[in-house]
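Student: Pasting structure.csv below, which is CSV, C-alpha atoms and all ligand atoms.
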```csv
chain,number,residue,atom,x,y,z
N,57,MET,CA,157.9,63.4,51.4
N,58,GLN,CA,156.2,60.3,52.8
N,59,GLY,CA,153.1,60.8,54.8
N,60,VAL,CA,152.5,64.3,53.5
N,61,ALA,CA,149.6,65.1,51.3
N,62,ARG,CA,150.4,66.7,48.0
N,63,ASN,CA,148.2,68.8,45.8
N,64,GLN,CA,147.4,70.9,48.8
N,65,TRP,CA,147.9,74.4,50.0
N,66,TYR,CA,150.1,75.0,53.0
N,67,VAL,CA,151.0,78.2,54.7
N,68,ILE,CA,154.5,79.1,53.7
N,69,ALA,CA,155.1,82.4,55.5
N,70,LEU,CA,153.6,85.3,57.3
N,71,SER,CA,153.1,87.8,54.5
N,72,SER,CA,155.2,90.3,56.4
N,73,GLU,CA,158.2,87.8,56.2
N,74,ILE,CA,158.2,88.0,52.4
N,75,THR,CA,160.2,91.1,51.4
N,76,SER,CA,162.8,92.0,48.8
N,77,THR,CA,165.3,90.0,50.9
N,78,PRO,CA,164.7,86.3,49.8
N,79,ILE,CA,163.8,83.8,52.6
N,80,ALA,CA,164.2,80.0,52.5
N,81,ARG,CA,161.4,77.7,53.6
N,82,THR,CA,161.2,73.9,53.3
N,83,VAL,CA,157.6,72.8,52.8
N,84,ALA,CA,156.7,69.1,52.5
N,85,GLY,CA,160.4,68.4,52.0
N,86,GLU,CA,160.7,70.9,49.1
N,87,GLN,CA,163.2,73.7,49.4
N,88,ILE,CA,161.7,77.0,48.3
N,89,VAL,CA,162.8,80.6,48.2
N,90,CYS,CA,160.3,83.4,48.5
N,91,TYR,CA,160.6,87.1,47.8
N,92,ARG,CA,158.5,90.1,46.9
N,93,VAL,CA,159.0,92.0,43.7
N,94,PRO,CA,158.0,95.6,42.7
N,95,GLY,CA,154.2,95.7,42.2
N,96,ASP,CA,153.8,93.9,45.5
N,97,ARG,CA,153.9,90.5,44.0
N,98,VAL,CA,155.1,87.5,45.9
N,99,VAL,CA,157.2,84.9,44.1
N,100,ALA,CA,158.5,81.4,45.0
N,101,LEU,CA,161.1,79.4,43.2
N,102,ARG,CA,162.8,76.2,43.9
N,103,ASP,CA,165.7,77.1,46.2
N,104,ARG,CA,168.3,75.4,44.2
N,105,CYS,CA,170.5,76.9,41.6
N,106,PRO,CA,170.7,74.5,38.7
N,107,HIS,CA,174.4,75.3,38.3
N,108,ARG,CA,176.0,74.0,41.5
N,109,ARG,CA,172.9,73.8,43.7
N,110,TYR,CA,173.7,76.8,45.7
N,111,PRO,CA,170.6,78.1,47.5
N,112,LEU,CA,169.0,80.9,45.6
N,113,SER,CA,167.8,82.2,48.9
N,114,LEU,CA,171.4,83.3,49.5
N,115,GLY,CA,171.3,85.4,46.3
N,116,ARG,CA,170.4,89.0,45.7
N,117,LEU,CA,167.2,90.5,44.2
N,118,ASN,CA,167.4,93.4,41.8
N,119,GLY,CA,163.9,94.5,40.8
N,120,GLU,CA,162.4,91.3,39.5
N,121,VAL,CA,165.6,89.5,38.9
N,122,LEU,CA,167.2,87.1,41.4
N,123,THR,CA,170.9,86.6,41.0
N,124,CYS,CA,172.6,83.5,42.4
N,125,GLY,CA,175.1,84.4,45.0
N,126,TYR,CA,177.7,81.8,43.8
N,127,HIS,CA,178.4,82.5,40.0
N,128,GLY,CA,175.7,84.9,39.1
N,129,PHE,CA,173.1,83.1,37.1
N,130,CYS,CA,170.1,85.4,36.9
N,131,PHE,CA,166.5,84.2,37.1
N,132,GLN,CA,163.2,85.9,36.2
N,133,THR,CA,160.1,85.5,38.4
N,134,ASP,CA,158.9,82.7,36.0
N,135,GLY,CA,162.0,80.7,36.8
N,136,ARG,CA,163.7,81.4,33.5
N,137,CYS,CA,167.4,81.8,33.5
N,138,ILE,CA,168.2,84.9,31.5
N,139,VAL,CA,171.9,85.5,32.3
N,140,VAL,CA,174.9,83.2,32.5
N,141,PRO,CA,178.0,85.4,33.2
N,142,GLY,CA,180.7,85.0,30.6
N,143,GLN,CA,178.7,83.6,27.8
N,144,GLU,CA,175.9,84.5,25.5
N,145,ARG,CA,174.2,81.1,25.3
N,146,ILE,CA,171.9,80.1,28.1
N,147,PRO,CA,172.3,76.3,28.6
N,148,ALA,CA,169.3,74.0,28.4
N,149,HIS,CA,167.8,73.0,31.7
N,150,ALA,CA,169.1,76.2,33.4
N,151,ASP,CA,165.6,77.3,34.5
N,152,VAL,CA,164.2,76.6,38.0
N,153,ALA,CA,160.7,75.5,39.0
N,154,VAL,CA,158.2,78.0,40.1
N,155,TYR,CA,155.7,77.6,42.9
N,156,GLU,CA,152.3,79.0,43.0
N,157,LEU,CA,151.7,81.4,45.9
N,158,GLU,CA,148.5,83.0,47.2
N,159,GLU,CA,148.8,85.9,49.6
N,160,GLN,CA,145.6,86.2,51.7
N,161,GLY,CA,146.1,89.1,54.0
N,162,LEU,CA,148.5,88.3,56.7
N,163,TRP,CA,149.4,84.7,55.6
N,164,THR,CA,150.8,83.5,52.3
N,165,TRP,CA,150.1,80.0,51.0
N,166,VAL,CA,152.0,77.7,48.7
N,167,TRP,CA,150.6,75.0,46.4
N,168,ILE,CA,152.5,71.8,46.8
N,169,GLY,CA,152.0,69.3,44.0
N,170,ASP,CA,150.8,69.1,40.5
N,171,SER,CA,149.9,72.5,39.0
N,172,ALA,CA,146.8,71.2,37.4
N,173,ALA,CA,145.2,69.4,40.3
N,174,GLY,CA,142.9,69.9,43.1
N,175,ASP,CA,141.0,72.9,44.7
N,176,ARG,CA,142.8,75.9,43.4
N,177,ARG,CA,142.0,78.2,46.4
N,178,PRO,CA,143.5,78.0,49.9
N,179,PRO,CA,141.1,77.8,52.8
N,180,ALA,CA,139.2,81.1,53.2
N,181,THR,CA,140.7,83.3,56.0
N,182,PRO,CA,138.5,86.5,55.9
N,183,TRP,CA,139.7,87.5,59.4
N,184,LEU,CA,143.2,88.0,58.1
N,185,THR,CA,142.0,90.5,55.5
N,186,SER,CA,139.4,92.6,57.3
N,187,PRO,CA,141.2,95.0,59.7
N,188,ASP,CA,138.0,97.1,60.2
N,189,SER,CA,136.2,94.1,61.7
N,190,TRP,CA,138.9,91.9,63.1
N,191,SER,CA,142.1,92.8,64.9
N,192,VAL,CA,144.8,90.2,64.6
N,193,VAL,CA,148.1,89.1,66.2
N,194,THR,CA,150.0,86.5,64.3
N,195,GLY,CA,153.3,84.6,64.3
N,196,MET,CA,155.1,81.3,63.5
N,197,ALA,CA,157.0,78.9,65.7
N,198,PRO,CA,159.1,76.1,64.2
N,199,ILE,CA,158.8,72.8,66.0
N,200,GLU,CA,161.1,69.8,66.0
N,201,CYS,CA,158.3,67.3,65.6
N,202,ARG,CA,156.4,65.5,63.0
N,203,THR,CA,153.2,67.4,62.0
N,204,SER,CA,150.9,64.7,63.3
N,205,LEU,CA,151.9,65.6,66.9
N,206,LEU,CA,150.7,69.2,66.3
N,207,VAL,CA,147.5,67.8,64.9
N,208,ASP,CA,147.0,65.7,68.1
N,209,ASN,CA,147.7,68.8,70.2
N,210,LEU,CA,145.3,71.1,68.5
N,211,LEU,CA,142.4,68.7,68.2
N,212,ASP,CA,142.4,67.8,71.9
N,213,LEU,CA,142.2,71.0,73.9
N,214,SER,CA,141.8,69.2,77.2
N,215,HIS,CA,145.6,69.8,77.5
N,216,GLU,CA,144.9,73.5,78.1
N,217,THR,CA,144.1,72.7,81.7
N,218,TYR,CA,147.5,71.2,82.4
N,219,LEU,CA,149.9,72.7,79.9
N,220,HIS,CA,148.4,76.2,79.8
N,221,GLY,CA,147.1,76.6,83.3
N,222,GLY,CA,147.1,80.3,84.3
N,223,SER,CA,146.6,81.7,80.8
N,224,ILE,CA,143.8,79.8,78.9
N,225,GLY,CA,143.5,76.6,80.9
N,226,THR,CA,141.0,76.2,83.7
N,227,PRO,CA,139.8,72.9,85.3
N,228,GLU,CA,136.6,73.0,83.3
N,229,VAL,CA,138.3,72.5,79.9
N,230,ALA,CA,139.5,69.0,80.7
N,231,ALA,CA,136.3,68.2,82.6
N,232,THR,CA,133.8,69.1,79.8
N,233,PRO,CA,133.0,66.5,77.2
N,234,THR,CA,133.3,67.2,73.5
N,235,MET,CA,131.2,66.4,70.5
N,236,THR,CA,133.1,65.2,67.4
N,237,THR,CA,131.7,65.1,63.8
N,238,ILE,CA,133.6,63.9,60.8
N,239,ASP,CA,132.8,65.1,57.3
N,240,ARG,CA,134.6,62.8,55.0
N,241,GLU,CA,133.3,64.5,51.8
N,242,ARG,CA,134.9,67.8,52.7
N,243,ASN,CA,137.7,66.4,54.8
N,244,VAL,CA,136.7,68.4,57.8
N,245,ILE,CA,136.6,67.4,61.4
N,246,ALA,CA,134.7,69.4,64.0
N,247,VAL,CA,135.2,69.1,67.7
N,248,SER,CA,133.0,71.2,70.0
N,249,ARG,CA,133.1,71.9,73.7
N,250,HIS,CA,130.6,74.3,75.3
N,251,MET,CA,131.3,75.2,78.9
N,252,ASP,CA,128.5,77.0,80.8
N,253,ALA,CA,129.0,79.3,83.8
N,254,VAL,CA,132.7,78.6,84.2
N,255,GLU,CA,135.8,80.5,85.3
N,256,CYS,CA,137.0,83.3,83.0
N,257,PRO,CA,140.8,82.7,82.3
N,258,GLU,CA,143.1,85.6,82.2
N,259,PHE,CA,143.5,85.5,78.4
N,260,TYR,CA,139.8,86.5,78.1
N,261,ALA,CA,139.3,88.4,81.4
N,262,ARG,CA,142.0,90.9,80.6
N,263,THR,CA,140.8,91.5,77.0
N,264,THR,CA,137.0,91.4,77.3
N,265,GLY,CA,136.6,92.8,80.8
N,266,LEU,CA,134.2,90.0,81.7
N,267,THR,CA,134.4,88.4,85.1
N,268,SER,CA,133.5,84.8,86.1
N,269,PRO,CA,131.2,83.1,85.5
N,270,ILE,CA,131.1,83.1,81.7
N,271,ASP,CA,129.9,80.8,79.0
N,272,ARG,CA,132.9,79.7,77.0
N,273,TRP,CA,132.5,77.9,73.7
N,274,GLN,CA,135.3,76.2,71.7
N,275,ASP,CA,134.2,75.0,68.2
N,276,ILE,CA,137.1,73.6,66.2
N,277,GLU,CA,137.0,72.9,62.5
N,278,PHE,CA,140.1,71.1,61.1
N,279,PHE,CA,140.4,71.3,57.4
N,280,ALA,CA,142.7,68.4,56.6
N,281,PRO,CA,145.5,68.4,56.0
N,282,SER,CA,146.8,71.9,57.0
N,283,PHE,CA,144.3,74.4,58.4
N,284,TYR,CA,142.8,74.6,61.8
N,285,LEU,CA,140.1,77.1,62.9
N,286,LEU,CA,138.9,77.5,66.4
N,287,HIS,CA,135.8,79.6,66.9
N,288,VAL,CA,135.8,81.0,70.4
N,289,ARG,CA,132.7,82.5,72.0
N,290,ILE,CA,132.9,84.2,75.4
N,291,ALA,CA,129.8,85.7,77.0
N,292,PRO,CA,128.3,86.5,80.4
N,293,ALA,CA,126.9,83.2,81.8
N,294,GLY,CA,123.4,82.5,80.4
N,295,VAL,CA,123.5,84.9,77.5
N,296,THR,CA,122.7,83.1,74.2
N,297,PRO,CA,123.0,84.3,70.6
N,298,GLU,CA,119.8,86.0,69.3
N,299,ARG,CA,117.5,84.1,67.0
N,300,SER,CA,118.7,86.3,64.1
N,301,GLY,CA,122.2,85.0,64.7
N,302,GLU,CA,123.3,88.4,66.2
N,303,ASP,CA,125.3,88.0,69.3
N,304,PRO,CA,126.0,91.5,70.6
N,305,GLN,CA,126.8,90.7,74.2
N,306,ALA,CA,129.4,88.0,73.3
N,307,PHE,CA,133.0,88.4,72.4
N,308,HIS,CA,134.3,86.3,69.5
N,309,MET,CA,137.7,85.1,68.5
N,310,LYS,CA,139.0,83.0,65.6
N,311,ILE,CA,142.2,81.2,66.5
N,312,LEU,CA,143.8,80.0,63.3
N,313,TYR,CA,146.7,77.6,62.8
N,314,GLY,CA,148.4,76.7,59.6
N,315,LEU,CA,150.1,73.3,60.2
N,316,THR,CA,152.9,73.1,57.6
N,317,PRO,CA,155.0,70.0,57.4
N,318,SER,CA,158.6,71.0,56.7
N,319,THR,CA,160.7,67.9,56.9
N,320,THR,CA,159.8,64.4,58.3
N,321,GLY,CA,160.6,65.6,61.8
N,322,THR,CA,160.0,69.3,61.7
N,323,THR,CA,156.9,71.5,61.4
N,324,TYR,CA,156.0,75.2,61.0
N,325,ASP,CA,153.3,76.2,63.4
N,326,PHE,CA,151.7,79.3,62.0
N,327,TRP,CA,149.1,81.0,64.3
N,328,ALA,CA,146.8,83.9,64.4
N,329,VAL,CA,144.5,85.2,67.1
N,330,CYS,CA,141.7,87.3,65.6
N,331,ARG,CA,139.1,89.2,67.7
N,332,ASP,CA,136.0,91.2,66.9
N,333,PHE,CA,136.3,93.5,69.9
N,334,ALA,CA,138.8,96.1,71.1
N,335,ILE,CA,139.5,96.6,67.4
N,336,GLY,CA,142.7,98.5,66.8
N,337,ASP,CA,143.6,98.6,70.5
N,338,GLN,CA,147.3,98.2,70.6
N,339,GLU,CA,147.5,97.4,74.3
N,340,VAL,CA,145.2,94.4,73.7
N,341,ASP,CA,147.3,93.4,70.7
N,342,LYS,CA,150.4,93.5,72.9
N,343,PHE,CA,148.8,91.5,75.7
N,344,LEU,CA,147.4,88.8,73.4
N,345,ASP,CA,150.6,88.6,71.4
N,346,THR,CA,152.7,88.1,74.5
N,347,MET,CA,150.3,85.6,76.0
N,348,GLN,CA,149.8,83.6,72.8
N,349,ARG,CA,153.5,83.4,72.2
N,350,GLU,CA,153.8,81.9,75.7
N,351,VAL,CA,151.0,79.4,75.0
N,352,VAL,CA,152.5,78.4,71.7
N,353,GLN,CA,156.0,78.0,73.3
N,354,GLN,CA,154.5,75.7,75.9
N,355,ASP,CA,153.1,73.5,73.1
N,356,VAL,CA,156.4,73.7,71.2
N,357,ASP,CA,158.3,72.6,74.3
N,358,ALA,CA,155.9,69.7,74.9
N,359,LEU,CA,156.0,68.5,71.3
N,360,ASN,CA,159.7,68.7,71.1
N,361,ILE,CA,159.9,66.4,74.1
N,362,VAL,CA,157.3,64.0,72.8
N,363,GLU,CA,159.1,63.8,69.4
N,364,SER,CA,162.4,63.0,71.0
N,365,ARG,CA,160.8,60.4,73.2
N,366,ILE,CA,159.2,58.7,70.1
N,367,ALA,CA,162.5,58.7,68.3
N,368,ASN,CA,164.1,56.7,71.1
N,369,ASP,CA,161.1,54.4,71.9
N,370,PRO,CA,160.3,51.5,69.7
N,371,ASP,CA,157.1,50.7,71.5
N,372,PRO,CA,154.1,52.0,69.4
N,373,PHE,CA,151.6,51.5,72.2
N,374,GLU,CA,149.4,54.5,73.2
N,375,VAL,CA,146.2,54.5,75.2
N,376,VAL,CA,143.3,55.9,73.2
N,377,LEU,CA,140.4,57.8,74.8
N,378,GLY,CA,137.0,59.1,73.5
N,379,ILE,CA,138.5,62.5,73.6
N,380,ASP,CA,141.0,61.4,70.9
N,381,ARG,CA,138.3,60.8,68.3
N,382,GLY,CA,139.0,64.1,66.5
N,383,ALA,CA,142.7,63.7,66.5
N,384,LEU,CA,142.7,60.1,65.4
N,385,ALA,CA,140.3,60.9,62.6
N,386,ALA,CA,142.5,63.8,61.5
N,387,ARG,CA,145.6,61.7,61.4
N,388,ARG,CA,143.7,59.1,59.4
N,389,MET,CA,142.4,61.7,56.9
N,390,ILE,CA,145.8,63.1,56.4
N,391,GLN,CA,147.2,59.6,55.8
N,392,GLU,CA,144.5,59.1,53.2
N,393,LEU,CA,145.2,62.3,51.5
N,394,ALA,CA,148.8,61.4,51.4
N,395,GLY,CA,147.9,58.2,49.6
N,396,GLY,CA,148.9,56.0,52.6
N,397,LEU,CA,145.6,54.3,53.1
N,398,ALA,CA,143.9,52.4,50.3
N,399,ASP,CA,140.6,51.8,52.0
N,400,ARG,CA,138.3,54.6,53.1
N,401,GLU,CA,135.6,52.2,54.5
N,402,GLY,CA,135.5,50.3,57.7
N,403,ALA,CA,134.7,50.6,61.3
N,404,PHE,CA,137.3,53.3,62.0
N,405,TRP,CA,135.1,56.1,60.7
N,406,GLU,CA,132.1,55.0,62.9
N,407,ASP,CA,134.1,55.2,66.1
N,408,PRO,CA,137.7,56.2,65.6
N,409,ALA,CA,138.3,56.1,69.4
N,410,GLY,CA,136.9,52.6,69.7
N,411,VAL,CA,138.9,51.0,67.0
N,412,ARG,CA,142.4,49.6,67.7
Y,501,LIG,S1,175.7,77.8,41.8
Y,501,LIG,FE1,174.4,79.4,41.1
Y,501,LIG,S2,175.5,80.2,39.5
Y,501,LIG,FE2,176.8,78.7,40.2
Y,502,FE,FE,148.2,74.1,73.5
```
As structure tokens, what does this structure read like?
Ligand code: FES
Ligand SMILES: [Fe+2]
Tutor:
Amino acid sequence: MQGVARNQWYVIALSSEITSTPIARTVAGEQIVCYRVPGDRVVALRDRCPHRRYPLSLGRLNGEVLTCGYHGFCFQTDGRCIVVPGQERIPAHADVAVYELEEQGLWTWVWIGDSAAGDRRPPATPWLTSPDSWSVVTGMAPIECRTSLLVDNLLDLSHETYLHGGSIGTPEVAATPTMTTIDRERNVIAVSRHMDAVECPEFYARTTGLTSPIDRWQDIEFFAPSFYLLHVRIAPAGVTPERSGEDPQAFHMKILYGLTPSTTGTTYDFWAVCRDFAIGDQEVDKFLDTMQREVVQQDVDALNIVESRIANDPDPFEVVLGIDRGALAARRMIQELAGGLADREGAFWEDPAGVR
């Protein structure tokens, strides 16, 4: 699919979605079926029966064998066709392609591309595998928009003030300047906003018990092309981390997003809210889950609208601000990874917001 980086890991599903009932996902334009076999192993095959192209995701799993729901071809977990009803001989080219999956706690990633290429591990997500230290709520929202719009949205959190007022947005978010750094070796973009002695929004007040004023830090790391990590620190105003790095009076959250391009105009928005306090508290889980779903839905609604506007608007003009540096750099990095830009040099990287 054009504009999508290959030889990359993308989140394909919440691990809880992958069961003995096959599910269909389209990632980077590739149709994939995922399922879980005995021994707790996750499997992904091309979601296309080689016989008459019927989706294998509409088939049935018996143990490790997936049977096509149309004429009954049977496939092993390595994609090999082992049964063709009514004949002994298995035709050539009856096998299906296998995708590499990596289950990392609550999220499962798929490798899209060449099996021999690239970094062979998905981004580290230790918060999703350590229930004793981190409690997590997680979900996924499909969006009818190109993935670059979600990148823009997540890298510029000034929108919290307007789109998410009442939950996570307060006036200070939009009013506080950010610091952006671009690491072109690792393909990581960092955007930081530290707010001192500000209002405590409900999302944090209800879960931490803190009252205003608080110090509220948002430190974003975007690992192009598909993983976003927001380090949140909430503390009573004036309290700083100790010199040792310990930070016992503060509350920490890791807000994760897996940005998975599905088709040219659709995206999977995987999210997880991880916290190092109120561990195992189901009331807090419920509150955060409800509130985060509302926040995500507000983003989804906005991005659906922007996408439909773009589709009907031939004018490419957009105003660019200093606050857009991170998002512009992220777009550019993804374009490069997708092979769409030949030249890595130039003024753009010195000042992405200043270059037209
Ligand atoms: S389409 Fe799958 S067996 Fe015929
Ligand atoms: Fe948002």
Student: Which distance in Å separates CA of Glu159 in chain N and CA of Arg97 in chain N, to one decimal?
Tutor: 8.9 Å
Student: For ligand LIG 501 (chain Y), collect every residue having any atom at a distance of at most 9 Å from a ligand atom (counting all atoms listed in the file); output as a list in words.
Tutor: Arg104, Cys105, Pro106, His107, Arg108, Arg109, Tyr110, Pro111, Leu112, Gly115, Thr123, Cys124, Gly125, Tyr126, His127, Gly128, Phe129, Cys130, Val140 and Pro141 of chain N
Student: Which residue gives the smallest distance to Leu312 in chain N among N:Pro94, N:Pro147, N:Gly59, N:Gly195, with only C-alpha atoms counted?
Tutor: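 Among the listed residues, the smallest separation from Leu312 in chain N belongs to N:Gly195.
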Student: One decimal, Å: what's the distance from CA of Ile68 in chain N over to CA of Glu200 in chain N, could you say?
Tutor: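 Atom-to-atom, CA of Ile68 in chain N to CA of Glu200 in chain N, that is 16.8 Å.
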Student: For each of N:Phe373, N:Trp190, N:Tyr218, N:Tyr260, take the minimum atom-to-atom distance to ligand FE 502 (chain Y), counting only C-alpha atoms and all ligand atoms, then give the residue where this is smallest.
Tutor: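 Ranked by minimum distance to ligand FE 502 (chain Y), first place goes to N:Tyr218.
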Student: Return as an MDAnalysis selection string the residues of protein, DNA or RNA that approach ligand FE 502 (chain Y) to within 10 Å, with only C-alpha atoms and all ligand atoms taken into account.
Tutor: chainID N and resid 206 209:220 224:225 348 350:356 358:359
Student: Taking into account all atoms listed in the file, which residue in the set N:Arg249, N:Gln132, N:Asp369, N:Ser282 is nearest to Tyr324 in chain N?
Tutor: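 Distance minimum relative to Tyr324 in chain N lands on N:Ser282.
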Student: What's the 12 Å shell around Arg176 in chain N, counting only C-alpha atoms, without same-chain residues fewer than 6 positions away, as a PyMOL selection string?
Tutor: chain N and resi 63-65+156-158+165-170
Student: Separation of CA of His308 in chain N and CA of Val207 in chain N, in Å?
Tutor: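 Taking CA of His308 in chain N and CA of Val207 in chain N, their separation equals 23.2 Å.
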Student: Determine, counting only C-alpha atoms, every residue of protein, DNA or RNA that lies within 9 Å of (145.6, 64.2, 61.0) in the file coordinates, then give the result as a PyMOL selection string.
Tutor: chain N and resi 203-208+278+280-282+382-391
Student: Can you write just those residues out, C-alpha atoms, as a PDB file, in the coordinates of the input?
Tutor:
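Contents of out27.pdb, freshly written:
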```pdb
ATOM      1  CA  THR N 203     153.200  67.400  62.000  1.00  0.00           C
ATOM      2  CA  SER N 204     150.900  64.700  63.300  1.00  0.00           C
ATOM      3  CA  LEU N 205     151.900  65.600  66.900  1.00  0.00           C
ATOM      4  CA  LEU N 206     150.700  69.200  66.300  1.00  0.00           C
ATOM      5  CA  VAL N 207     147.500  67.800  64.900  1.00  0.00           C
ATOM      6  CA  ASP N 208     147.000  65.700  68.100  1.00  0.00           C
ATOM      7  CA  PHE N 278     140.100  71.100  61.100  1.00  0.00           C
ATOM      8  CA  ALA N 280     142.700  68.400  56.600  1.00  0.00           C
ATOM      9  CA  PRO N 281     145.500  68.400  56.000  1.00  0.00           C
ATOM     10  CA  SER N 282     146.800  71.900  57.000  1.00  0.00           C
ATOM     11  CA  GLY N 382     139.000  64.100  66.500  1.00  0.00           C
ATOM     12  CA  ALA N 383     142.700  63.700  66.500  1.00  0.00           C
ATOM     13  CA  LEU N 384     142.700  60.100  65.400  1.00  0.00           C
ATOM     14  CA  ALA N 385     140.300  60.900  62.600  1.00  0.00           C
ATOM     15  CA  ALA N 386     142.500  63.800  61.500  1.00  0.00           C
ATOM     16  CA  ARG N 387     145.600  61.700  61.400  1.00  0.00           C
ATOM     17  CA  ARG N 388     143.700  59.100  59.400  1.00  0.00           C
ATOM     18  CA  MET N 389     142.400  61.700  56.900  1.00  0.00           C
ATOM     19  CA  ILE N 390     145.800  63.100  56.400  1.00  0.00           C
ATOM     20  CA  GLN N 391     147.200  59.600  55.800  1.00  0.00           C
TER      21      GLN N 391
END
```
Student: Under the rule that all atoms listed in the file are counted, which of N:Val254, N:Leu101, N:Ile245, N:Ile146 is the nearest residue to Asp275 in chain N?
Tutor: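 Under the stated criterion, the closest residue is N:Ile245.
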Student: Taking only C-alpha atoms into account, which of N:Leu114, N:Met347, N:Arg331, N:Arg289 comes nearest Gly222 in chain N?
Tutor: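 Nearest candidate to Gly222 in chain N out of N:Leu114, N:Met347, N:Arg331, N:Arg289: N:Met347.
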Student: Will you model N, CA and C atoms for range 95-107 of chain N and pass it back as a PDB file, keeping the file's coordinate frame?
Tutor:
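Written output follows (rebuild-v3.pdb):
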```
ATOM      1  N   GLY N  95     155.610  96.043  42.598  1.00  0.00           N
ATOM      2  CA  GLY N  95     154.200  95.700  42.200  1.00  0.00           C
ATOM      3  C   GLY N  95     153.583  94.889  43.300  1.00  0.00           C
ATOM      4  N   ASP N  96     154.340  94.644  44.379  1.00  0.00           N
ATOM      5  CA  ASP N  96     153.800  93.900  45.500  1.00  0.00           C
ATOM      6  C   ASP N  96     153.401  92.489  45.197  1.00  0.00           C
ATOM      7  N   ARG N  97     154.213  91.866  44.363  1.00  0.00           N
ATOM      8  CA  ARG N  97     153.900  90.500  44.000  1.00  0.00           C
ATOM      9  C   ARG N  97     154.853  89.548  44.696  1.00  0.00           C
ATOM     10  N   VAL N  98     154.271  88.459  45.250  1.00  0.00           N
ATOM     11  CA  VAL N  98     155.100  87.500  45.900  1.00  0.00           C
ATOM     12  C   VAL N  98     155.463  86.354  44.954  1.00  0.00           C
ATOM     13  N   VAL N  99     156.704  85.885  45.073  1.00  0.00           N
ATOM     14  CA  VAL N  99     157.200  84.900  44.100  1.00  0.00           C
ATOM     15  C   VAL N  99     157.884  83.773  44.901  1.00  0.00           C
ATOM     16  N   ALA N 100     157.765  82.557  44.390  1.00  0.00           N
ATOM     17  CA  ALA N 100     158.500  81.400  45.000  1.00  0.00           C
ATOM     18  C   ALA N 100     159.094  80.563  43.917  1.00  0.00           C
ATOM     19  N   LEU N 101     160.367  80.255  44.095  1.00  0.00           N
ATOM     20  CA  LEU N 101     161.100  79.400  43.200  1.00  0.00           C
ATOM     21  C   LEU N 101     161.703  78.241  43.963  1.00  0.00           C
ATOM     22  N   ARG N 102     162.058  77.197  43.244  1.00  0.00           N
ATOM     23  CA  ARG N 102     162.800  76.200  43.900  1.00  0.00           C
ATOM     24  C   ARG N 102     164.159  76.754  44.382  1.00  0.00           C
ATOM     25  N   ASP N 103     164.504  76.422  45.628  1.00  0.00           N
ATOM     26  CA  ASP N 103     165.700  77.100  46.200  1.00  0.00           C
ATOM     27  C   ASP N 103     166.947  76.298  45.925  1.00  0.00           C
ATOM     28  N   ARG N 104     167.187  76.173  44.633  1.00  0.00           N
ATOM     29  CA  ARG N 104     168.300  75.400  44.200  1.00  0.00           C
ATOM     30  C   ARG N 104     168.802  75.862  42.880  1.00  0.00           C
ATOM     31  N   CYS N 105     169.966  76.461  42.876  1.00  0.00           N
ATOM     32  CA  CYS N 105     170.500  76.900  41.600  1.00  0.00           C
ATOM     33  C   CYS N 105     170.847  75.666  40.765  1.00  0.00           C
ATOM     34  N   PRO N 106     170.429  75.660  39.480  1.00  0.00           N
ATOM     35  CA  PRO N 106     170.700  74.500  38.700  1.00  0.00           C
ATOM     36  C   PRO N 106     172.183  74.319  38.322  1.00  0.00           C
ATOM     37  N   HIS N 107     172.960  75.350  38.591  1.00  0.00           N
ATOM     38  CA  HIS N 107     174.400  75.300  38.300  1.00  0.00           C
ATOM     39  C   HIS N 107     175.117  74.381  39.293  1.00  0.00           C
TER      40      HIS N 107
END
```
